[in-house]
Amino acid sequence: LLLEDNSEDEMLELIVNNCDKLVVVMDNATVLSQVVTDGYIEKKDYDLIEIIQSVISEFSTILDQSGMTFDVNLPNSIIIHANLIISEIFKNFISNAIKYASDGKKIVIDIENNDQFLIINVKDFGTTIAKKDHQRIFNRSYQIDINKKGRGLGLAIVKKIAEIHGAEVGVKPNEPKGNIFYLKIPK
């Protein structure tokens with residue numbers, strides 16, 4: 001109501017935008033509880049590229065503050081049948097790249113598209129994760145670096161979200177150094 005009378009007020013616009021984001025967070029928490037408890041979520045057709053671009057824009061300020069950049073190589077549009085909770089996968093991958101691989105100075109996001117699958121890659125250029133940890137990092141409460149803040153739940157939740165979409169997540173080495181976290185989702 002205040003915006004109707006003060007449409008140019010940037011502070012009010014900021015408050016409205018943040019309230020909208022809080023509603024999304026609450027919706028995502030509800031969906032996450034459904035994923036964990038009964039494994040069912042409602043799905044619709046969404047543009048995957050719009051989802052990824054939205055996540056990228058959420059991290060632009062944090063990325064600037066950490067001295068990193070995005071290199072994004074995406075097509076204009078790809079429609080997938082999913083729940084918007086799938087965005088949490090990309091949020092986690094990007095957040096982890098910023099937290100654990102900021103010394104690599106950039107994050108590359110691209111898509112491999114074949115007849116059966118889409119593979120969305122989030123590549124960092126930090127310290128390469130040892131092969132022995134590739135599967136374990138997707139387990140609950142497992143963390144490689146105990147000096148970093150967190151509860152080790154993020155990648156376990158990401159794995160569950162992928163599974164509910166009939167997809168898989170994983171990590172592999174990026175050459176010459178770093179990691180490629182990926183989502184492999186059926187078309």
# chains A, B, ... in the order shown; residues from 1 in each chain; ligands from 1
>>> closest_atom_pairs(of="region 99-140 of chain A", to="region 172-176 of chain A", cutoff="9 Å", atoms="only C-alpha atoms", output="Markdown table")
| residue | atom | partner | partner_atom | distance |
| --- | --- | --- | --- | --- |
| A:Lys123 | CA | A:Asn174 | CA | 6.8 |
| A:Asp124 | CA | A:Asn174 | CA | 7.3 |
| A:Phe125 | CA | A:Asn174 | CA | 7.1 |
| A:Thr128 | CA | A:Pro173 | CA | 6.1 |
| A:Ile129 | CA | A:Pro173 | CA | 7.1 |
| A:Ala130 | CA | A:Pro173 | CA | 8.5 |
| A:Lys131 | CA | A:Lys172 | CA | 7.9 |
| A:His134 | CA | A:Lys172 | CA | 7.2 |
>>> residues_around(residues="Asn73 (chain A)", least_positions_apart="4", cutoff="8 Å", atoms="only C-alpha atoms", output="PyMOL selection string")
chain A and resi 108-111
>>> residues_around(residues="Phe117 (chain A)", least_positions_apart="4", cutoff="7 Å", atoms="only C-alpha atoms", output="VMD selection string")
chain A and resid 113 184 to 187
>>> closest_residue(among="A:Ser95, A:Asn114, A:Asn6, A:Asn139", to="Glu58 (chain A)", atoms="only C-alpha atoms")
A:Ser95
>>> residues_around(residues="region 83-93 of chain A", least_positions_apart="3", cutoff="9 Å", atoms="only C-alpha atoms", output="MDAnalysis selection string")
chainID A and resid 27:28 31:32 41:46 48 51:52 54:56 58:59 96:98 122:123 154:155 157:159 161:162 165 169 181:183
>>> select_by_dssp(residues="chain A", states="helix (DSSP H, G or I)", output="VMD selection string")
chain A and resid 2 to 5 10 to 37 48 to 65 84 to 104 131 to 133 136 to 138 154 to 164
>>> closest_residue(among="A:Val171, A:Ala82, A:Gly166, A:Gln116", to="Arg136 (chain A)", atoms="only C-alpha atoms")
A:Val171
>>> select_by_dssp(residues="region 15-185 of chain A", states="strand (DSSP E or B)", output="ChimeraX atom specification")
/A:44-47,69-73,79-82,106-113,117-124,168-173,179-185
>>> atom_distance(atom1="CA of Thr127 (chain A)", atom2="CA of Thr69 (chain A)")
17.0 Å
>>> closest_residue(among="A:Ser102, A:Ser7, A:Asn18, A:Gln135", to="Gly67 (chain A)", atoms="only C-alpha atoms")
A:Ser102
>>> atom_distance(atom1="CA of Pro75 (chain A)", atom2="CA of Ile49 (chain A)")
7.3 Å
